[in-house]
Amino acid sequence: MLQIGEFSKICQVSVKTLHHYDKIGLLVPAEVDRYTGYRYYLPEQIDTMNYIGRLKRYGFSLEEIGHLLAVSDNKELAGRLREQKKRLKQEQKEREIILNELQTHISVFERTGDIMTYQKSYTIEMKNSPQMNVLTNRAMMGVEEFGRYYGTLFERVPKERVTPTGLNGARYYDKEFNHESSDVEVFIGIKEKDKADVVMEPCECAMTVHHGAYSTLSEAYGAIVSWIIENGYEIAGAPFDLYIKTQFDSLSPEDWETEVYFPIRKK
């Protein structure tokens, strides 16, 4: 048996952490002295502790690790690890996008001396939105779920024998934004008006073009809303995005292009 101090030194984890793992039932000592309260561990628990440490490095939460320790089916366990690998690769991709954004921000700041130049770079224009025949899917959805809802729309294309125009987008109905769940309508444009779920009629809008990843679209929204207020207009309907250039055009995120439309009317 190993005292908690010895176990801590061997596994290179603090005694405080071991106390916490005991408290939440993640790694319970093999024995606790009823008089002194000293915790003792079996040598074979070293492997379990090292396994926990590896799962933490993989980015699993302690709650997730607890579930993984209980998994006895190798196929299920391998599936969980593959899912985590996919998640880490996506996070890595997102970090690369952020690093590129940061480098651009630094370069512009050093050139202009204005830390907020990025939001002042948008050109806002009044423009009628295009008329579009669209297949739509409206639901309470999180940002990460857009792909799934678009997937169901593209599945309808061959079934309903419609012709995509390549003009796809999303319309936002909530007054407040919630990353996890917002009232969003994703849509894809089609040629056949008689087969459309909705015909989006032209309307007067404040419009700008956003270049870059979707994570910074809020900067375009901020620029448009400021313009609307400054020019005596008000928002007259649900704003929407049109995805003009995307990853599906084999472009890197900094080359993506999104048109942002806010329906407006004069106050």
# chains A, B, ... in the order shown; residues from 1 in each chain; ligands from 1
$ residues_around --residues "region 173-190 of chain A" --least-positions-apart "4" --cutoff "12 Å" --atoms "only C-alpha atoms" --output "ChimeraX atom specification"
/A:130-158,160-169,194-200,215,218,235-244,262
$ residues_around --residues "region 88-101 of chain A" --least-positions-apart "4" --cutoff "12 Å" --atoms "only C-alpha atoms" --output "ChimeraX atom specification"
/A:57-60,81-84,105-108,118,144,211-216,252-256
$ select_by_dssp --residues "region 98-223 of chain A" --states "strand (DSSP E)" --output "ChimeraX atom specification"
/A:125-128,132-141,164-172,182-190,198-200,204-211
$ closest_residue --among "A:Ile115, A:Ile4, A:Val15, A:Leu77" --to "Asp33 (chain A)" --atoms "only C-alpha atoms"
A:Ile4
$ residues_around --residues "Leu68 (chain A)" --least-positions-apart "3" --cutoff "10 Å" --atoms "only C-alpha atoms" --output "PyMOL selection string"
chain A and resi 52+55+60+62-65+71-72+76-77+80-81
